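Here's the structure we're looking at; comments come further down.
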Amino acid sequence: MRKTLQECINQGRSPFESRLIKLENLEEILQHSDDPVILYGAGGTCSEVLKRLFKRRILPFCITDSDPLKSGTSILHIPVLTPEDAIQKAGPNAICIVAIWSAATFYHEFIDRLNSIGYQRIYFLDIDFRPRLLPQEWVEDVRQNETMLLHIMDKLSDDKSKKRFEGFIYSNLTSKLNHCGVLGSYKSLDGDILHNDLISVGNQDVLVHCRNGFKDDNEKYLCTIAKMKEAYLFEPTWAGRTKTKEYLHQNNSDQVMVFPYLLGDQEVETDYVEKIFFSRFIDQEEYRTASAHSIRLDMLAEEIHPTMLHLDMSGKHIEALHGAQKMITENKPLIILSGFLFVSEVINIIQAFPQYSFSMRYFGGITMREGYTLIINANEG
């Protein structure tokens, strides 16, 4: 894994790109083969992909999808089968063309699963009809920190964390790994952010949560918060506070308090990077510099005793953690860090707090990069 990662960093590209195939390449393969084609993905991109295949006189044998509810239906008169039924009927020489946005997120697991049920020829379609530009500074940030990235990987607590960290690096190396989902978020690999192998939330938990940019909340997340013993949400954006308060009011969640502050290490007016816009239709996200009043969480150390601290705040994690050291030391909460824009942010956090044990998981997001989450168990520090 280390050698492959190092090569990819030097090249500035993800290994996923080596598995991509364009429609013209597929057409060339089929000119010399009568093997059936299985199209994987019966979601939002399927109809558009089929139309492009039809234009090139490529007629798939069937469509397949991991969602069992789609089996037995059809799209543009092509039947949808389960992955097992599809390969059984098409035969082991079938060519499987994967055409789903989220495949890049978990393609290692994806390939392993298909191999285990008989698929041998698997390609990922280079979906180019909704291209996305990748900021070059993300790529340069990875390349400039190659040595430290390999060093930091060794500090992660388990093999799954190392694998997720590798994926996080790749998500900053290619636009193919950073498309939005056409009809929703990227699928999670490791469960929900508040329910997984490392984090288990109960009705006796107390949460402190801060984020520095508004985004549409998954109601499941707010629903979980509403069932906690106490929750303290720090929302510097007006849009975020409004949406959150509306939901909490509708659900009579009086034990949840919302504050208009950003968490930091000083009580000052501070600038932060705010995510201001996202559209699934133009596949773009934008950021701007905004300002808010920041406070130290330790100001509330006598009143709040969290079991969990979730900081979803691009570029501001270290300041917030420094401003909460008393609260962390006294309560030993599980710490969840998300919202990273650059790989160097993770490097800086792990270097700044060598006393802690770090893990990484993938919980899904609007873009692939958003789903990677760093977890600190303060009890092990």
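By order of appearance in the structure tokens: chains A, B, ..., then residues from 1 within every chain, and ligands from 1 in the order shown.
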List the neighbours of Gly315 (chain A) out to 10 Å using only C-alpha atoms; skip same-chain residues closer than 6 positions along the sequence, and give me the result as a VMD selection string. chain A and resid 212 272 to 273 338 to 342 344 to 346 348 to 349
So that I can see what lies close to Ala99 (chain A), please list as JSON, numbers by chain the residues with an atom at most 6 Å from it, counting only C-alpha atoms and leaving out residues fewer than 5 positions away in the same chain. {"A": [40, 41, 125]}
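We find CA of Met308 (chain A) and CA of Ile335 (chain A) to be spaced 5.9 Å apart.
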To one decimal place in Å, what is the distance between CA of Lys227 (chain A) and CA of His310 (chain A)?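 If I compute the distance from CA of Lys227 (chain A) to CA of His310 (chain A), I get 16.2 Å.
For the choices A:Met327, A:Ile63, A:Ile225, A:Leu53, the atom-to-atom distance to His195 (chain A) is smallest for A:Ile225 when using only C-alpha atoms.
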How would you write, as a VMD selection string, the set of residues in region 33-90 of chain A that DSSP gives as helix (DSSP H, G or I)? chain A and resid 46 to 55 68 to 70 83 to 90
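Excluding region 121-123 of chain A itself and same-chain residues fewer than 4 positions from it, the residues having an atom within 7 Å of it are Arg19, Leu20, Ile21, Ala94, Ile95, Cys96, Ile97 and Val98 of chain A, counting only C-alpha atoms.
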Nearest to Gly323 (chain A) among A:Asn196, A:Asn25, A:Thr289, A:Gln266, with distances taken over only C-alpha atoms: which residue is it?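 Going through A:Asn196, A:Asn25, A:Thr289, A:Gln266 one by one, the smallest distance to Gly323 (chain A) is for A:Gln266.
The coordinates place CA of Ile75 (chain A) at 7.8 Å from CA of Cys46 (chain A).
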